[in-house]
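**Student:** Provided herewith is a single structure, encoded as structure tokens, for subsequent inquiry.
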Amino acid sequence: MSKKRISVIHGPNLNLLGSREPEHYGKMTLDDINASLKNRAKELNIDIEFFQSNSESEIVNKIQSLSTDFTIINPAAFTHSSVAIRDSLVAKNVKFIEVHLSNVFAREDFRKNSFFSDVAIGIISGLGAEGYIAALNFINQTK
């Protein structure tokens with residue numbers, strides 16, 4: 001069986017992790033999260049790549065250029081507003097897991113609405129950085 005290839009897409013403001021509202025998002029930086037994922041991917045013999053942008057158009061362009069088997073995406077604020085990102089995931093038939101650091105269902109009402117959840121393989125919300133690892137472990141078991 002060939003080696004799985006995973007892309008991780010981080011949405012807007014996730015570059016501020018570690019200092020941004022740690023009560024919601026924890027104290028790990030984006031680099032810490034990516035390093036943890038990279039280590040776990042190495043243990044699982046999975047190739048992994050990372051992308052972060054605060055720009056909706058850059059995320060759409062990245063999705064349109066994907067050649068990986070699965071994607072882990074934290075659309076962040078675009079979860080609640082981006083039909084463009086959703087349409088690119090659907091158009092490219094991307095298999096993805098939607099991840100959120102905080103429990104979006106325990107926060108403001110607008111955060112409970114996602115443009116992605118109905119087309120995702122699954123959703124992980126509220127587990128902090130461990131949610132990314134859970135997504136990677138799940139993908140590892142998926143054919």
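Note on naming: chains are A, B, ... as they come in the structure tokens, residues start from 1 per chain, ligands start from 1 in the order shown.
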Mind checking which residues fall within 7 Å of A:Ile123, counting only C-alpha atoms, ignoring those fewer than 4 positions away in the same chain, and posting them as a VMD selection string?

**Tutor:** chain A and resid 97 to 99 117

**Student:** Would you return as a ChimeraX atom specification the members of stretch 69-98 of chain A that DSSP assigns to strand (DSSP E or B) on this structure's backbone?

**Tutor:** /A:70-74,96-98

**Student:** So that I have them on file, write out the residues from the current selection with C-alpha atoms, as a compact mmCIF listing (two decimals), in the first residue's frame.

**Tutor:**
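Result file follows (selection-v3.txt):
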# COMPACT_ATOMS: atom_id res chain seq x y z
CA PHE A 70 -6.97 13.59 2.74
CA THR A 71 -7.15 17.05 4.26
CA ILE A 72 -7.52 18.29 7.80
CA ILE A 73 -8.96 21.79 7.72
CA ASN A 74 -9.61 24.32 10.42
CA PHE A 96 -11.56 16.22 4.73
CA ILE A 97 -12.07 16.42 8.45
CA GLU A 98 -13.15 19.75 9.91

**Student:** What is the atom CA of A:Val119-atom CA of A:Asn15 distance in Å, reported with one decimal?

**Tutor:** 25.5 Å

**Student:** So the first atom is atom CA of A:Phe138 and the second is atom CA of A:Asn45; what is the distance between them in Å, to one decimal place?

**Tutor:**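 Straight-line distance from atom CA of A:Phe138 to atom CA of A:Asn45 works out to 13.9 Å.
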
**Student:** Just list the residues in stretch 70-107 of chain A DSSP gives alpha helix (DSSP H) on the backbone, as a PyMOL selection string.

**Tutor:** chain A and resi 83-91

**Student:** Write the residues of the preceding selection, restricted to N, CA and C atoms, as an mmCIF file, in the first residue's frame.

**Tutor:**
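Saved result, out_11.cif, follows:
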data_model
loop_
_atom_site.group_PDB
_atom_site.id
_atom_site.type_symbol
_atom_site.label_atom_id
_atom_site.label_comp_id
_atom_site.auth_asym_id
_atom_site.auth_seq_id
_atom_site.Cartn_x
_atom_site.Cartn_y
_atom_site.Cartn_z
ATOM 1 N N VAL A 83 -18.661 30.359 1.431
ATOM 2 C CA VAL A 83 -19.204 29.466 0.414
ATOM 3 C C VAL A 83 -18.102 29.133 -0.598
ATOM 4 N N ALA A 84 -17.199 30.068 -0.835
ATOM 5 C CA ALA A 84 -16.119 29.852 -1.804
ATOM 6 C C ALA A 84 -15.207 28.693 -1.397
ATOM 7 N N ILE A 85 -14.834 28.630 -0.135
ATOM 8 C CA ILE A 85 -13.985 27.523 0.324
ATOM 9 C C ILE A 85 -14.764 26.218 0.268
ATOM 10 N N ARG A 86 -15.994 26.238 0.718
ATOM 11 C CA ARG A 86 -16.838 25.039 0.635
ATOM 12 C C ARG A 86 -16.934 24.555 -0.809
ATOM 13 N N ASP A 87 -17.234 25.470 -1.738
ATOM 14 C CA ASP A 87 -17.384 25.086 -3.137
ATOM 15 C C ASP A 87 -16.099 24.492 -3.706
ATOM 16 N N SER A 88 -14.950 25.001 -3.297
ATOM 17 C CA SER A 88 -13.689 24.446 -3.802
ATOM 18 C C SER A 88 -13.461 23.042 -3.261
ATOM 19 N N LEU A 89 -13.805 22.788 -2.008
ATOM 20 C CA LEU A 89 -13.680 21.439 -1.435
ATOM 21 C C LEU A 89 -14.582 20.452 -2.173
ATOM 22 N N VAL A 90 -15.804 20.877 -2.453
ATOM 23 C CA VAL A 90 -16.757 20.013 -3.160
ATOM 24 C C VAL A 90 -16.325 19.815 -4.613
ATOM 25 N N ALA A 91 -15.927 20.888 -5.278
ATOM 26 C CA ALA A 91 -15.535 20.800 -6.688
ATOM 27 C C ALA A 91 -14.344 19.880 -6.896
#

**Student:** Determine the nearest neighbour of A:Phe78 from the options A:Asn140, A:Asn34, A:Ser53, A:Ser7, counting only C-alpha atoms.

**Tutor:**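 Between A:Asn140, A:Asn34, A:Ser53, A:Ser7, the residue approaching A:Phe78 most closely is A:Ser53.
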
**Student:** Give me the residues near A:Ile46 as number ranges by chain, where near means some atom within 12 Å (using only C-alpha atoms) and where sequence neighbours in that chain fewer than 2 positions away do not count.

**Tutor:** A: 1-7, 37-44, 48-49, 68-70, 136-137, 139-141

**Student:** Please indicate the distance in Å from atom CA of A:Ala77 to atom CA of A:Ile59, rounded to one decimal place.

**Tutor:**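 That distance, rounded to one decimal, is 12.6 Å.
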
**Student:** Considering only C-alpha atoms, state which residue in the set A:Ile133, A:Ile124, A:Leu101, A:Val60 is at the smallest distance from A:Thr29.

**Tutor:** A:Leu101

**Student:** For A:Asp31, which residue among A:Gly18, A:Pro12, A:Phe115, A:Ala134 is the nearest when counting only C-alpha atoms?

**Tutor:**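 The shortest atom-to-atom distance to A:Asp31 comes from A:Gly18.
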
**Student:** With a distance cut-off of 10 Å and only C-alpha atoms, select the neighbouring residues of stretch 55-58 of chain A, excluding the residue or stretch itself and same-chain residues fewer than 3 positions from it, and output the selection as a short mmCIF file (atom, residue, chain, number, x, y, z; two decimals) with N, CA and C atoms, in the first residue's frame.

**Tutor:**
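Result file around-v9.cif:
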data_model
loop_
_atom_site.label_atom_id
_atom_site.label_comp_id
_atom_site.auth_asym_id
_atom_site.auth_seq_id
_atom_site.Cartn_x
_atom_site.Cartn_y
_atom_site.Cartn_z
N GLY A 11 -6.90 28.14 8.82
CA GLY A 11 -7.52 29.37 8.38
C GLY A 11 -7.05 30.62 9.10
N PRO A 12 -7.82 31.69 8.98
CA PRO A 12 -7.40 33.00 9.47
C PRO A 12 -7.22 33.07 10.98
N ASN A 13 -6.23 33.84 11.36
CA ASN A 13 -5.88 34.15 12.74
C ASN A 13 -5.25 32.99 13.50
N PHE A 51 -0.37 24.35 5.54
CA PHE A 51 -0.64 25.63 4.88
C PHE A 51 -1.50 26.46 5.81
N GLN A 52 -1.16 27.73 5.96
CA GLN A 52 -1.98 28.66 6.74
C GLN A 52 -2.11 29.94 5.96
N ASN A 61 -7.29 28.75 -3.58
CA ASN A 61 -6.23 28.35 -4.53
C ASN A 61 -5.48 27.13 -4.04
N LYS A 62 -5.21 27.06 -2.75
CA LYS A 62 -4.52 25.89 -2.19
C LYS A 62 -5.37 24.63 -2.38
N ILE A 63 -6.65 24.72 -2.05
CA ILE A 63 -7.54 23.57 -2.20
C ILE A 63 -7.59 23.12 -3.66
N GLN A 64 -7.66 24.07 -4.58
CA GLN A 64 -7.72 23.71 -6.00
C GLN A 64 -6.43 23.04 -6.48
N PRO A 75 -11.12 25.79 9.20
CA PRO A 75 -11.43 26.99 8.44
C PRO A 75 -11.52 28.25 9.31
N PHE A 78 -13.73 31.46 8.69
CA PHE A 78 -14.37 31.17 7.40
C PHE A 78 -15.38 30.03 7.50
N SER A 82 -17.74 31.19 4.46
CA SER A 82 -17.12 31.00 3.15
C SER A 82 -17.78 29.92 2.30
N ALA A 84 -17.20 30.07 -0.83
CA ALA A 84 -16.12 29.85 -1.80
C ALA A 84 -15.21 28.69 -1.40
N ILE A 85 -14.83 28.63 -0.13
CA ILE A 85 -13.99 27.52 0.32
C ILE A 85 -14.76 26.22 0.27
#

**Student:** Considering only C-alpha atoms, can you say which of A:His10, A:Thr79, A:Glu130, A:Asp47 comes closest to A:Asp118?

**Tutor:**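 Closest candidate: A:Thr79.
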
**Student:** Considering only C-alpha atoms, can you say which of A:Ile9, A:Ala35, A:Val104, A:Val94 comes closest to A:Ala120?

**Tutor:**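 Closest residue, counting only C-alpha atoms: A:Val94.
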